[in-house]
Amino acid sequence: MSDKIITVTSPLLPPLEEFIPYLEDIWQRKWITNNGHYHQELEKALCDYLGVKYISLFTNGTLPLITALQALRITGEVITTPYSFVATTHAIWWNDIRPVFADVDPETGNLDPDRIEAAITPRTTAIMPVHVYGTPCDTERIQAIADKYGLKVIYDAAHAFGVQQNGVSILQAGDMSTLSFHATKTYNTVEGGALICHDAETKKRIDYLKNFGFAGETEVVAPGINSKMDEVRAAYGLLELRYVDRAIDQRHAVAERYREALSDVEGITLLKEIPGVRYNYSYFPIFVDATRYGETRDALYERMKAHGVWGRRYFYPLISSFSTYRGLPSAGTDNLPVATRMADSVICLPLHHDLSEEDVERVLRIVRHPKR
Ligand SMILES: *Cc1c(COP(=O)(O)O)cnc(C)c1O
């Protein structure tokens, strides 16, 4: 048994020596935040890279969710998924909006459009789906429902950096999309995030909202927040952008090997791959059927850990089962059978740019051979 611990992810750090000149330049400019040179450069570079027209940078991936709901003046009820990171629902709650949980599709883990439609009430004003693990939601059907009932759609695309469907960025879907550039994500700025919209007027409003609502030196047009990205992290983000494609290729190779080696393991299910999607390979979830696999999910998780392989049970427990939310009428497991089953059976395997072939084979030796 090797002592080296294999973690579920590892931050993609650009070479330090290449970062120093950026820092020297920032020190010379003496303009270290508030829409500085590198902030503007990174917004441009990300629009190009991602294939979107308007992006606003944020200090993390949670504030763009909160701000999107503010920018679109969402109230009442928002339909969302319980199968995500808690920030998705928290953003709704922080705006004093009632989250309404709908169940997910077992093949993708994303909101099931039929269940969205069934959850609509006269108070519904928006849908907040998540492209969970970077798998695109059924954006066409979600848009059709939104159009039919006059709802806004805000995608939490925290996992979907660079994901495309049929050559088009997934960030084009809906009214707005948010990204997270947290250290654990495929592309990071240490902490950071962004809000994508589709017209200049809306971007202007977002930029006011993330800077206290200032529309000029003496004019405040909305009760805004402070969520500006500083120059140090914007410069880091520019440099990171040069390395992210290679990292995605490295992740792809690991994901391919996992898929090939695990597709015939009794009791292990993988997510469906959708044709025409350019994935970013941000996560590799497996779903354990204890009866067929011969070992429970938690037993496998602990056995991996004992061998120095730290998977993560993303996304368990379901958001709807946390104390803040479990009293909501939509939070019951009878309303969310698919999400409940996925949360109770999932383990995300280690997946990042820095895994060696030997690391990957070590993970596979454990997972391919259940302890019966
Ligand atoms: C990471 C994540 C967020 C929050 O991003 P932070 O940058 O950590 O604030 C939101 N939603 C989902 C689905 C995430 O995975």
# chains A, B, ... in the order shown; residues from 1 in each chain; ligands from 1

$ residues_near_ligand --ligand "ligand 1" --cutoff "8 Å" --atoms "only C-alpha atoms and all ligand atoms" --output "list of chain:residue names"
A:Thr59, A:Asn60, A:Gly61, A:Thr62, A:Leu63, A:Leu65, A:Ser84, A:Phe85, A:Val86, A:Ala87, A:Thr88, A:Val130, A:His131, A:Val132, A:Asp156, A:Ala157, A:Ala158, A:His159, A:Leu179, A:Ser180, A:Phe181, A:His182, A:Thr184, A:Lys185, A:Glu191, A:Gly192, A:Gly193

$ select_by_dssp --residues "stretch 46-115 of chain A" --states "alpha helix (DSSP H)" --output "NGL selection string"
:A and (46-50 or 63-71 or 87-94 or 113-115)

$ residues_around --residues "A:Ala102" --least-positions-apart "6" --cutoff "12 Å" --atoms "only C-alpha atoms" --output "PDB file with N, CA, C and O atoms, in the first residue's frame"
ATOM      1  N   VAL A  78     -38.927  30.020  -6.421  1.00  0.00           N
ATOM      2  CA  VAL A  78     -37.997  29.613  -7.485  1.00  0.00           C
ATOM      3  C   VAL A  78     -37.850  28.095  -7.445  1.00  0.00           C
ATOM      4  O   VAL A  78     -37.564  27.517  -6.388  1.00  0.00           O
ATOM      5  N   ILE A  79     -38.051  27.471  -8.592  1.00  0.00           N
ATOM      6  CA  ILE A  79     -37.920  26.014  -8.676  1.00  0.00           C
ATOM      7  C   ILE A  79     -36.455  25.656  -8.897  1.00  0.00           C
ATOM      8  O   ILE A  79     -35.791  26.224  -9.775  1.00  0.00           O
ATOM      9  N   THR A  80     -35.954  24.743  -8.069  1.00  0.00           N
ATOM     10  CA  THR A  80     -34.530  24.410  -8.145  1.00  0.00           C
ATOM     11  C   THR A  80     -34.298  22.934  -7.821  1.00  0.00           C
ATOM     12  O   THR A  80     -35.225  22.215  -7.479  1.00  0.00           O
ATOM     13  N   THR A  81     -33.049  22.533  -7.939  1.00  0.00           N
ATOM     14  CA  THR A  81     -32.676  21.136  -7.707  1.00  0.00           C
ATOM     15  C   THR A  81     -32.106  20.947  -6.299  1.00  0.00           C
ATOM     16  O   THR A  81     -31.321  21.784  -5.833  1.00  0.00           O
ATOM     17  N   PRO A  82     -32.458  19.855  -5.655  1.00  0.00           N
ATOM     18  CA  PRO A  82     -31.855  19.562  -4.352  1.00  0.00           C
ATOM     19  C   PRO A  82     -30.488  18.897  -4.502  1.00  0.00           C
ATOM     20  O   PRO A  82     -29.748  18.764  -3.535  1.00  0.00           O
ATOM     21  N   TYR A  83     -30.171  18.475  -5.749  1.00  0.00           N
ATOM     22  CA  TYR A  83     -28.945  17.688  -5.987  1.00  0.00           C
ATOM     23  C   TYR A  83     -27.856  18.618  -6.500  1.00  0.00           C
ATOM     24  O   TYR A  83     -27.572  18.700  -7.697  1.00  0.00           O
ATOM     25  N   GLY A 109     -28.717  13.534 -13.558  1.00  0.00           N
ATOM     26  CA  GLY A 109     -28.689  14.203 -12.256  1.00  0.00           C
ATOM     27  C   GLY A 109     -29.206  15.627 -12.323  1.00  0.00           C
ATOM     28  O   GLY A 109     -29.224  16.338 -11.314  1.00  0.00           O
ATOM     29  N   ASN A 110     -29.626  16.073 -13.516  1.00  0.00           N
ATOM     30  CA  ASN A 110     -30.136  17.436 -13.680  1.00  0.00           C
ATOM     31  C   ASN A 110     -31.657  17.471 -13.531  1.00  0.00           C
ATOM     32  O   ASN A 110     -32.334  16.466 -13.760  1.00  0.00           O
ATOM     33  N   LEU A 111     -32.174  18.674 -13.214  1.00  0.00           N
ATOM     34  CA  LEU A 111     -33.629  18.861 -13.065  1.00  0.00           C
ATOM     35  C   LEU A 111     -34.389  18.209 -14.212  1.00  0.00           C
ATOM     36  O   LEU A 111     -34.050  18.403 -15.388  1.00  0.00           O
ATOM     37  N   ASP A 112     -35.443  17.462 -13.864  1.00  0.00           N
ATOM     38  CA  ASP A 112     -36.291  16.801 -14.839  1.00  0.00           C
ATOM     39  C   ASP A 112     -37.357  17.809 -15.290  1.00  0.00           C
ATOM     40  O   ASP A 112     -38.154  18.268 -14.465  1.00  0.00           O
ATOM     41  N   PRO A 113     -37.385  18.179 -16.572  1.00  0.00           N
ATOM     42  CA  PRO A 113     -38.334  19.199 -17.038  1.00  0.00           C
ATOM     43  C   PRO A 113     -39.787  18.893 -16.656  1.00  0.00           C
ATOM     44  O   PRO A 113     -40.542  19.810 -16.312  1.00  0.00           O
ATOM     45  N   ASP A 114     -40.193  17.619 -16.703  1.00  0.00           N
ATOM     46  CA  ASP A 114     -41.571  17.273 -16.320  1.00  0.00           C
ATOM     47  C   ASP A 114     -41.855  17.658 -14.873  1.00  0.00           C
ATOM     48  O   ASP A 114     -42.949  18.103 -14.534  1.00  0.00           O
ATOM     49  N   ARG A 115     -40.866  17.459 -14.031  1.00  0.00           N
ATOM     50  CA  ARG A 115     -41.040  17.769 -12.612  1.00  0.00           C
ATOM     51  C   ARG A 115     -41.013  19.270 -12.360  1.00  0.00           C
ATOM     52  O   ARG A 115     -41.623  19.753 -11.414  1.00  0.00           O
ATOM     53  N   ILE A 116     -40.288  20.004 -13.207  1.00  0.00           N
ATOM     54  CA  ILE A 116     -40.313  21.475 -13.099  1.00  0.00           C
ATOM     55  C   ILE A 116     -41.732  21.957 -13.363  1.00  0.00           C
ATOM     56  O   ILE A 116     -42.309  22.717 -12.585  1.00  0.00           O
ATOM     57  N   GLU A 117     -42.296  21.476 -14.465  1.00  0.00           N
ATOM     58  CA  GLU A 117     -43.628  21.950 -14.857  1.00  0.00           C
ATOM     59  C   GLU A 117     -44.646  21.622 -13.766  1.00  0.00           C
ATOM     60  O   GLU A 117     -45.513  22.446 -13.444  1.00  0.00           O
ATOM     61  N   ALA A 118     -44.516  20.446 -13.177  1.00  0.00           N
ATOM     62  CA  ALA A 118     -45.470  20.030 -12.140  1.00  0.00           C
ATOM     63  C   ALA A 118     -45.336  20.874 -10.868  1.00  0.00           C
ATOM     64  O   ALA A 118     -46.266  20.931 -10.060  1.00  0.00           O
ATOM     65  N   ALA A 119     -44.199  21.539 -10.682  1.00  0.00           N
ATOM     66  CA  ALA A 119     -43.964  22.294  -9.444  1.00  0.00           C
ATOM     67  C   ALA A 119     -44.365  23.768  -9.562  1.00  0.00           C
ATOM     68  O   ALA A 119     -44.262  24.526  -8.589  1.00  0.00           O
ATOM     69  N   ILE A 120     -44.806  24.181 -10.743  1.00  0.00           N
ATOM     70  CA  ILE A 120     -45.149  25.598 -10.952  1.00  0.00           C
ATOM     71  C   ILE A 120     -46.441  25.963 -10.211  1.00  0.00           C
ATOM     72  O   ILE A 120     -47.409  25.217 -10.241  1.00  0.00           O
ATOM     73  N   ILE A 127     -36.753  29.699 -12.581  1.00  0.00           N
ATOM     74  CA  ILE A 127     -36.200  28.351 -12.425  1.00  0.00           C
ATOM     75  C   ILE A 127     -34.692  28.520 -12.256  1.00  0.00           C
ATOM     76  O   ILE A 127     -34.064  29.283 -12.990  1.00  0.00           O
ATOM     77  N   MET A 128     -34.116  27.814 -11.273  1.00  0.00           N
ATOM     78  CA  MET A 128     -32.661  27.837 -11.111  1.00  0.00           C
ATOM     79  C   MET A 128     -32.120  26.409 -11.198  1.00  0.00           C
ATOM     80  O   MET A 128     -31.977  25.718 -10.192  1.00  0.00           O
ATOM     81  N   PRO A 129     -31.833  25.958 -12.427  1.00  0.00           N
ATOM     82  CA  PRO A 129     -31.254  24.619 -12.601  1.00  0.00           C
ATOM     83  C   PRO A 129     -29.735  24.668 -12.443  1.00  0.00           C
ATOM     84  O   PRO A 129     -29.128  25.742 -12.483  1.00  0.00           O
ATOM     85  N   VAL A 130     -29.148  23.503 -12.278  1.00  0.00           N
ATOM     86  CA  VAL A 130     -27.683  23.372 -12.176  1.00  0.00           C
ATOM     87  C   VAL A 130     -27.236  22.383 -13.254  1.00  0.00           C
ATOM     88  O   VAL A 130     -27.861  21.337 -13.411  1.00  0.00           O
ATOM     89  N   LEU A 318     -28.656  15.525   0.419  1.00  0.00           N
ATOM     90  CA  LEU A 318     -29.374  16.452  -0.453  1.00  0.00           C
ATOM     91  C   LEU A 318     -29.566  17.793   0.266  1.00  0.00           C
ATOM     92  O   LEU A 318     -29.771  17.821   1.467  1.00  0.00           O
ATOM     93  N   ILE A 319     -29.556  18.879  -0.490  1.00  0.00           N
ATOM     94  CA  ILE A 319     -29.762  20.211   0.116  1.00  0.00           C
ATOM     95  C   ILE A 319     -31.091  20.242   0.872  1.00  0.00           C
ATOM     96  O   ILE A 319     -31.181  20.799   1.969  1.00  0.00           O
ATOM     97  N   SER A 320     -32.099  19.590   0.295  1.00  0.00           N
ATOM     98  CA  SER A 320     -33.445  19.606   0.885  1.00  0.00           C
ATOM     99  C   SER A 320     -33.504  18.912   2.243  1.00  0.00           C
ATOM    100  O   SER A 320     -34.489  19.054   2.966  1.00  0.00           O
ATOM    101  N   LEU A 328     -39.656  22.478   4.346  1.00  0.00           N
ATOM    102  CA  LEU A 328     -40.398  22.952   3.172  1.00  0.00           C
ATOM    103  C   LEU A 328     -41.260  21.818   2.593  1.00  0.00           C
ATOM    104  O   LEU A 328     -40.832  20.663   2.587  1.00  0.00           O
ATOM    105  N   PRO A 329     -42.448  22.183   2.069  1.00  0.00           N
ATOM    106  CA  PRO A 329     -43.341  21.147   1.546  1.00  0.00           C
ATOM    107  C   PRO A 329     -42.705  20.320   0.417  1.00  0.00           C
ATOM    108  O   PRO A 329     -43.017  19.145   0.262  1.00  0.00           O
ATOM    109  N   SER A 330     -41.806  20.917  -0.352  1.00  0.00           N
ATOM    110  CA  SER A 330     -41.216  20.203  -1.490  1.00  0.00           C
ATOM    111  C   SER A 330     -40.000  19.374  -1.099  1.00  0.00           C
ATOM    112  O   SER A 330     -39.395  18.707  -1.942  1.00  0.00           O
ATOM    113  N   ALA A 331     -39.616  19.418   0.201  1.00  0.00           N
ATOM    114  CA  ALA A 331     -38.338  18.813   0.597  1.00  0.00           C
ATOM    115  C   ALA A 331     -38.422  17.325   0.940  1.00  0.00           C
ATOM    116  O   ALA A 331     -37.399  16.679   1.153  1.00  0.00           O
ATOM    117  N   GLY A 332     -39.645  16.791   0.995  1.00  0.00           N
ATOM    118  CA  GLY A 332     -39.806  15.390   1.397  1.00  0.00           C
ATOM    119  C   GLY A 332     -39.181  14.422   0.402  1.00  0.00           C
ATOM    120  O   GLY A 332     -39.162  14.677  -0.804  1.00  0.00           O
ATOM    121  N   THR A 333     -38.674  13.307   0.906  1.00  0.00           N
ATOM    122  CA  THR A 333     -38.027  12.344   0.006  1.00  0.00           C
ATOM    123  C   THR A 333     -39.034  11.715  -0.957  1.00  0.00           C
ATOM    124  O   THR A 333     -38.657  11.276  -2.044  1.00  0.00           O
ATOM    125  N   ASP A 334     -40.340  11.714  -0.581  1.00  0.00           N
ATOM    126  CA  ASP A 334     -41.349  11.178  -1.500  1.00  0.00           C
ATOM    127  C   ASP A 334     -41.505  12.061  -2.733  1.00  0.00           C
ATOM    128  O   ASP A 334     -41.905  11.595  -3.794  1.00  0.00           O
ATOM    129  N   ASN A 335     -41.178  13.345  -2.592  1.00  0.00           N
ATOM    130  CA  ASN A 335     -41.203  14.254  -3.752  1.00  0.00           C
ATOM    131  C   ASN A 335     -39.917  14.135  -4.567  1.00  0.00           C
ATOM    132  O   ASN A 335     -39.863  14.583  -5.715  1.00  0.00           O
ATOM    133  N   LEU A 336     -38.871  13.569  -3.973  1.00  0.00           N
ATOM    134  CA  LEU A 336     -37.536  13.591  -4.586  1.00  0.00           C
ATOM    135  C   LEU A 336     -36.904  12.199  -4.602  1.00  0.00           C
ATOM    136  O   LEU A 336     -35.755  12.026  -4.174  1.00  0.00           O
ATOM    137  N   PRO A 337     -37.628  11.192  -5.116  1.00  0.00           N
ATOM    138  CA  PRO A 337     -37.081   9.824  -5.015  1.00  0.00           C
ATOM    139  C   PRO A 337     -35.790   9.625  -5.807  1.00  0.00           C
ATOM    140  O   PRO A 337     -34.874   8.941  -5.328  1.00  0.00           O
ATOM    141  N   VAL A 338     -35.696  10.215  -6.993  1.00  0.00           N
ATOM    142  CA  VAL A 338     -34.496   9.994  -7.817  1.00  0.00           C
ATOM    143  C   VAL A 338     -33.286  10.691  -7.188  1.00  0.00           C
ATOM    144  O   VAL A 338     -32.214  10.084  -7.037  1.00  0.00           O
ATOM    145  N   ALA A 339     -33.464  11.935  -6.802  1.00  0.00           N
ATOM    146  CA  ALA A 339     -32.354  12.677  -6.179  1.00  0.00           C
ATOM    147  C   ALA A 339     -31.907  11.979  -4.901  1.00  0.00           C
ATOM    148  O   ALA A 339     -30.704  11.891  -4.617  1.00  0.00           O
ATOM    149  N   THR A 340     -32.870  11.459  -4.144  1.00  0.00           N
ATOM    150  CA  THR A 340     -32.538  10.772  -2.892  1.00  0.00           C
ATOM    151  C   THR A 340     -31.689   9.535  -3.178  1.00  0.00           C
ATOM    152  O   THR A 340     -30.664   9.298  -2.529  1.00  0.00           O
TER     153      THR A 340
END

$ select_by_dssp --residues "stretch 49-225 of chain A" --states "strand (DSSP E)" --output "number ranges by chain"
A: 54-58, 77-80, 98-101, 124-128, 152-156, 164-165, 168-169, 176-180, 193-197

$ residues_around --residues "stretch 92-94 of chain A" --least-positions-apart "4" --cutoff "7 Å" --atoms "only C-alpha atoms" --output "list of chain:residue names"
A:Ile66, A:Arg98, A:Pro99

$ residues_around --residues "A:Glu43" --least-positions-apart "5" --cutoff "9 Å" --atoms "only C-alpha atoms" --output "PDB file with C-alpha atoms, in the first residue's frame"
ATOM      1  CA  TYR A  38      -6.310  42.955 -15.483  1.00  0.00           C
ATOM      2  CA  ASP A  48     -13.456  34.915 -26.107  1.00  0.00           C
ATOM      3  CA  TYR A  54     -21.113  39.712 -21.571  1.00  0.00           C
ATOM      4  CA  ILE A  55     -19.437  38.553 -18.396  1.00  0.00           C
ATOM      5  CA  SER A  56     -19.024  40.213 -15.010  1.00  0.00           C
ATOM      6  CA  LEU A  57     -16.327  38.989 -12.635  1.00  0.00           C
ATOM      7  CA  ALA A 234      -7.711  38.712 -12.293  1.00  0.00           C
TER       8      ALA A 234
END

$ closest_residue --among "A:Ser177, A:Thr269, A:Ser282, A:Gln164" --to "A:Tyr49" --atoms "only C-alpha atoms"
A:Gln164

$ closest_atom_pairs --of "stretch 225-271 of chain A" --to "stretch 202-206 of chain A" --cutoff "12 Å" --atoms "only C-alpha atoms" --output "JSON lines"
{"residue": "A:Ile225", "atom": "CA", "partner": "A:Ile206", "partner_atom": "CA", "distance": 10.3}
{"residue": "A:Asn226", "atom": "CA", "partner": "A:Ile206", "partner_atom": "CA", "distance": 11.4}
{"residue": "A:Ser227", "atom": "CA", "partner": "A:Ile206", "partner_atom": "CA", "distance": 10.5}
{"residue": "A:Lys228", "atom": "CA", "partner": "A:Ile206", "partner_atom": "CA", "distance": 11.0}

$ write_last_selection --atoms "all heavy atoms" --output "compact mmCIF listing (two decimals), in the first residue's frame"
# COMPACT_ATOMS: atom_id res chain seq x y z
N ILE A 225 -24.18 45.07 -3.45
CA ILE A 225 -23.27 44.39 -2.54
C ILE A 225 -21.85 44.69 -3.03
O ILE A 225 -21.68 45.32 -4.06
CB ILE A 225 -23.60 42.88 -2.49
CG1 ILE A 225 -22.93 42.19 -1.32
CG2 ILE A 225 -23.20 42.18 -3.79
CD1 ILE A 225 -23.92 41.46 -0.47
N ASN A 226 -20.85 44.24 -2.27
CA ASN A 226 -19.47 44.37 -2.76
C ASN A 226 -18.98 42.98 -3.14
O ASN A 226 -18.81 42.12 -2.30
CB ASN A 226 -18.58 44.97 -1.68
CG ASN A 226 -17.13 45.05 -2.15
OD1 ASN A 226 -16.84 44.86 -3.33
ND2 ASN A 226 -16.23 45.33 -1.24
N SER A 227 -18.76 42.76 -4.44
CA SER A 227 -18.26 41.46 -4.88
C SER A 227 -17.32 41.62 -6.06
O SER A 227 -17.40 40.90 -7.05
CB SER A 227 -19.44 40.55 -5.24
OG SER A 227 -18.94 39.26 -5.53
N LYS A 228 -16.43 42.59 -5.96
CA LYS A 228 -15.53 42.89 -7.06
C LYS A 228 -14.30 41.99 -7.02
O LYS A 228 -13.74 41.75 -5.96
CB LYS A 228 -15.07 44.36 -6.97
CG LYS A 228 -16.22 45.34 -6.92
CD LYS A 228 -15.74 46.78 -6.98
CE LYS A 228 -14.85 47.19 -5.83
NZ LYS A 228 -15.55 47.20 -4.52

$ atom_distance --atom1 "atom CA of A:Ile145" --atom2 "atom CA of A:Ala200"
25.7 Å

$ closest_residue --among "A:Gly162, A:Gly134, A:Pro223, A:Gly294" --to "A:Asp245" --atoms "only C-alpha atoms"
A:Gly162

$ residues_around --residues "A:Arg362" --least-positions-apart "3" --cutoff "10 Å" --atoms "only C-alpha atoms" --output "list of chain:residue names"
A:Met1, A:Ser2, A:Ile6, A:Met304, A:His307, A:Gly308, A:Val309, A:Ser356, A:Glu357, A:Glu358, A:Asp359, A:Arg365, A:Ile366, A:Val367

$ write_last_selection --atoms "all heavy atoms" --output "compact mmCIF listing (two decimals), in the first residue's frame"
# COMPACT_ATOMS: atom_id res chain seq x y z
N MET A 1 0.85 -1.20 0.00
CA MET A 1 0.00 0.00 0.00
C MET A 1 0.88 1.25 0.00
O MET A 1 1.79 1.39 0.80
CB MET A 1 -0.90 -0.03 1.23
CG MET A 1 -1.81 1.18 1.35
SD MET A 1 -2.84 1.04 2.85
CE MET A 1 -2.80 2.73 3.40
N SER A 2 0.57 2.13 -0.91
CA SER A 2 1.34 3.38 -1.01
C SER A 2 0.82 4.38 0.02
O SER A 2 -0.33 4.37 0.39
CB SER A 2 1.19 3.95 -2.42
OG SER A 2 1.48 5.31 -2.43
N ILE A 6 -4.39 10.25 -2.36
CA ILE A 6 -4.95 10.72 -3.63
C ILE A 6 -6.23 11.46 -3.31
O ILE A 6 -7.21 10.86 -2.86
CB ILE A 6 -5.21 9.56 -4.61
CG1 ILE A 6 -3.92 8.76 -4.84
CG2 ILE A 6 -5.78 10.07 -5.91
CD1 ILE A 6 -4.11 7.54 -5.74
N MET A 304 -11.93 2.98 0.43
CA MET A 304 -11.06 3.84 -0.38
C MET A 304 -10.18 4.69 0.52
O MET A 304 -8.96 4.79 0.33
CB MET A 304 -11.93 4.76 -1.28
CG MET A 304 -12.54 4.06 -2.49
SD MET A 304 -13.88 5.02 -3.29
CE MET A 304 -13.05 6.54 -3.71
N HIS A 307 -7.29 3.15 2.08
CA HIS A 307 -6.19 2.95 1.13
C HIS A 307 -5.64 4.28 0.61
O HIS A 307 -4.95 4.31 -0.41
CB HIS A 307 -6.66 2.09 -0.05
CG HIS A 307 -6.81 0.64 0.31
ND1 HIS A 307 -7.92 0.13 0.92
CD2 HIS A 307 -5.96 -0.42 0.15
CE1 HIS A 307 -7.78 -1.16 1.12
NE2 HIS A 307 -6.60 -1.52 0.67
N GLY A 308 -5.97 5.37 1.28
CA GLY A 308 -5.42 6.66 0.89
C GLY A 308 -6.07 7.29 -0.32
O GLY A 308 -5.51 8.20 -0.93
N VAL A 309 -7.26 6.83 -0.68
CA VAL A 309 -7.97 7.41 -1.83
C VAL A 309 -9.20 8.15 -1.30
O VAL A 309 -10.16 7.55 -0.83
CB VAL A 309 -8.40 6.31 -2.83
CG1 VAL A 309 -9.23 6.91 -3.96
CG2 VAL A 309 -7.16 5.62 -3.41
N SER A 356 -1.36 10.59 -11.80
CA SER A 356 -0.52 9.76 -12.66
C SER A 356 -1.30 8.51 -13.06
O SER A 356 -2.34 8.20 -12.46
CB SER A 356 0.75 9.34 -11.90
OG SER A 356 0.39 8.46 -10.85
N GLU A 357 -0.80 7.79 -14.06
CA GLU A 357 -1.45 6.54 -14.46
C GLU A 357 -1.49 5.57 -13.28
O GLU A 357 -2.47 4.86 -13.08
CB GLU A 357 -0.71 5.90 -15.65
CG GLU A 357 -1.11 6.54 -16.96
CD GLU A 357 -0.35 5.98 -18.16
OE1 GLU A 357 -0.01 4.77 -18.14
OE2 GLU A 357 -0.09 6.76 -19.09
N GLU A 358 -0.41 5.58 -12.51
CA GLU A 358 -0.35 4.69 -11.34
C GLU A 358 -1.43 5.05 -10.31
O GLU A 358 -2.08 4.18 -9.75
CB GLU A 358 1.07 4.76 -10.72
CG GLU A 358 1.24 4.02 -9.40
CD GLU A 358 0.68 2.58 -9.38
OE1 GLU A 358 0.67 1.89 -10.44
OE2 GLU A 358 0.22 2.17 -8.30
N ASP A 359 -1.65 6.36 -10.10
CA ASP A 359 -2.72 6.81 -9.19
C ASP A 359 -4.07 6.26 -9.66
O ASP A 359 -4.86 5.75 -8.87
CB ASP A 359 -2.82 8.34 -9.16
CG ASP A 359 -1.60 9.01 -8.55
OD1 ASP A 359 -0.89 8.36 -7.77
OD2 ASP A 359 -1.37 10.21 -8.88
N ARG A 365 -8.11 -0.36 -8.78
CA ARG A 365 -7.95 -1.65 -8.09
C ARG A 365 -8.92 -1.75 -6.91
O ARG A 365 -9.48 -2.80 -6.64
CB ARG A 365 -6.49 -1.82 -7.60
CG ARG A 365 -5.57 -2.43 -8.66
CD ARG A 365 -4.26 -2.95 -8.05
NE ARG A 365 -3.47 -1.91 -7.40
CZ ARG A 365 -2.66 -1.07 -8.06
NH1 ARG A 365 -2.52 -1.16 -9.37
NH2 ARG A 365 -1.98 -0.15 -7.40
N ILE A 366 -9.12 -0.63 -6.21
CA ILE A 366 -10.03 -0.65 -5.05
C ILE A 366 -11.48 -0.76 -5.51
O ILE A 366 -12.24 -1.58 -5.01
CB ILE A 366 -9.83 0.64 -4.21
CG1 ILE A 366 -8.39 0.72 -3.70
CG2 ILE A 366 -10.83 0.68 -3.06
CD1 ILE A 366 -8.00 2.09 -3.20
N VAL A 367 -11.85 0.04 -6.49
CA VAL A 367 -13.27 0.12 -6.87
C VAL A 367 -13.70 -1.12 -7.66
O VAL A 367 -14.82 -1.58 -7.53
CB VAL A 367 -13.54 1.40 -7.68
CG1 VAL A 367 -15.02 1.48 -8.07
CG2 VAL A 367 -13.14 2.64 -6.88

$ atom_distance --atom1 "atom CA of A:Gln172" --atom2 "atom CA of A:Ile196"
8.3 Å

$ closest_residue --among "A:Pro106, A:Pro370, A:Gly327, A:Pro15" --to "A:Ile268" --atoms "only C-alpha atoms"
A:Pro370

$ closest_residue --among "A:Arg233, A:Thr296, A:Gly51, A:Ala343" --to "A:Tyr22" --atoms "only C-alpha atoms"
A:Arg233

$ closest_residue --among "A:Ile347, A:Ala306, A:Val221, A:Cys137" --to "A:Lys4" --atoms "only C-alpha atoms"
A:Ala306

$ residues_around --residues "A:Val153" --least-positions-apart "5" --cutoff "7 Å" --atoms "only C-alpha atoms" --output "number ranges by chain"
A: 126-128, 146, 174-176

$ decode --residues "stretch 292-301 of chain A" --atoms "N, CA, C and O atoms" --output "PDB file, in the first residue's frame"
ATOM      1  N   ARG A 292     -26.123  -5.310  -5.655  1.00  0.00           N
ATOM      2  CA  ARG A 292     -25.414  -5.900  -6.798  1.00  0.00           C
ATOM      3  C   ARG A 292     -23.904  -5.777  -6.668  1.00  0.00           C
ATOM      4  O   ARG A 292     -23.153  -6.639  -7.141  1.00  0.00           O
ATOM      5  N   TYR A 293     -23.446  -4.698  -6.048  1.00  0.00           N
ATOM      6  CA  TYR A 293     -22.002  -4.494  -5.911  1.00  0.00           C
ATOM      7  C   TYR A 293     -21.425  -5.355  -4.786  1.00  0.00           C
ATOM      8  O   TYR A 293     -20.261  -5.737  -4.818  1.00  0.00           O
ATOM      9  N   GLY A 294     -22.276  -5.638  -3.776  1.00  0.00           N
ATOM     10  CA  GLY A 294     -21.817  -6.484  -2.676  1.00  0.00           C
ATOM     11  C   GLY A 294     -21.221  -5.694  -1.531  1.00  0.00           C
ATOM     12  O   GLY A 294     -20.660  -6.257  -0.588  1.00  0.00           O
ATOM     13  N   GLU A 295     -21.350  -4.384  -1.569  1.00  0.00           N
ATOM     14  CA  GLU A 295     -20.786  -3.528  -0.523  1.00  0.00           C
ATOM     15  C   GLU A 295     -21.568  -2.213  -0.598  1.00  0.00           C
ATOM     16  O   GLU A 295     -21.922  -1.784  -1.699  1.00  0.00           O
ATOM     17  N   THR A 296     -21.819  -1.585   0.552  1.00  0.00           N
ATOM     18  CA  THR A 296     -22.566  -0.322   0.499  1.00  0.00           C
ATOM     19  C   THR A 296     -21.667   0.808  -0.007  1.00  0.00           C
ATOM     20  O   THR A 296     -20.439   0.699   0.027  1.00  0.00           O
ATOM     21  N   ARG A 297     -22.322   1.901  -0.414  1.00  0.00           N
ATOM     22  CA  ARG A 297     -21.575   3.086  -0.847  1.00  0.00           C
ATOM     23  C   ARG A 297     -20.632   3.547   0.261  1.00  0.00           C
ATOM     24  O   ARG A 297     -19.440   3.787   0.007  1.00  0.00           O
ATOM     25  N   ASP A 298     -21.164   3.635   1.493  1.00  0.00           N
ATOM     26  CA  ASP A 298     -20.322   4.149   2.578  1.00  0.00           C
ATOM     27  C   ASP A 298     -19.166   3.201   2.911  1.00  0.00           C
ATOM     28  O   ASP A 298     -18.071   3.650   3.259  1.00  0.00           O
ATOM     29  N   ALA A 299     -19.407   1.900   2.775  1.00  0.00           N
ATOM     30  CA  ALA A 299     -18.326   0.940   3.034  1.00  0.00           C
ATOM     31  C   ALA A 299     -17.222   1.100   1.980  1.00  0.00           C
ATOM     32  O   ALA A 299     -16.027   1.068   2.303  1.00  0.00           O
ATOM     33  N   LEU A 300     -17.626   1.294   0.730  1.00  0.00           N
ATOM     34  CA  LEU A 300     -16.628   1.518  -0.329  1.00  0.00           C
ATOM     35  C   LEU A 300     -15.870   2.820  -0.080  1.00  0.00           C
ATOM     36  O   LEU A 300     -14.634   2.874  -0.198  1.00  0.00           O
ATOM     37  N   TYR A 301     -16.621   3.848   0.294  1.00  0.00           N
ATOM     38  CA  TYR A 301     -16.014   5.154   0.578  1.00  0.00           C
ATOM     39  C   TYR A 301     -14.948   5.020   1.680  1.00  0.00           C
ATOM     40  O   TYR A 301     -13.833   5.543   1.548  1.00  0.00           O
TER      41      TYR A 301
END
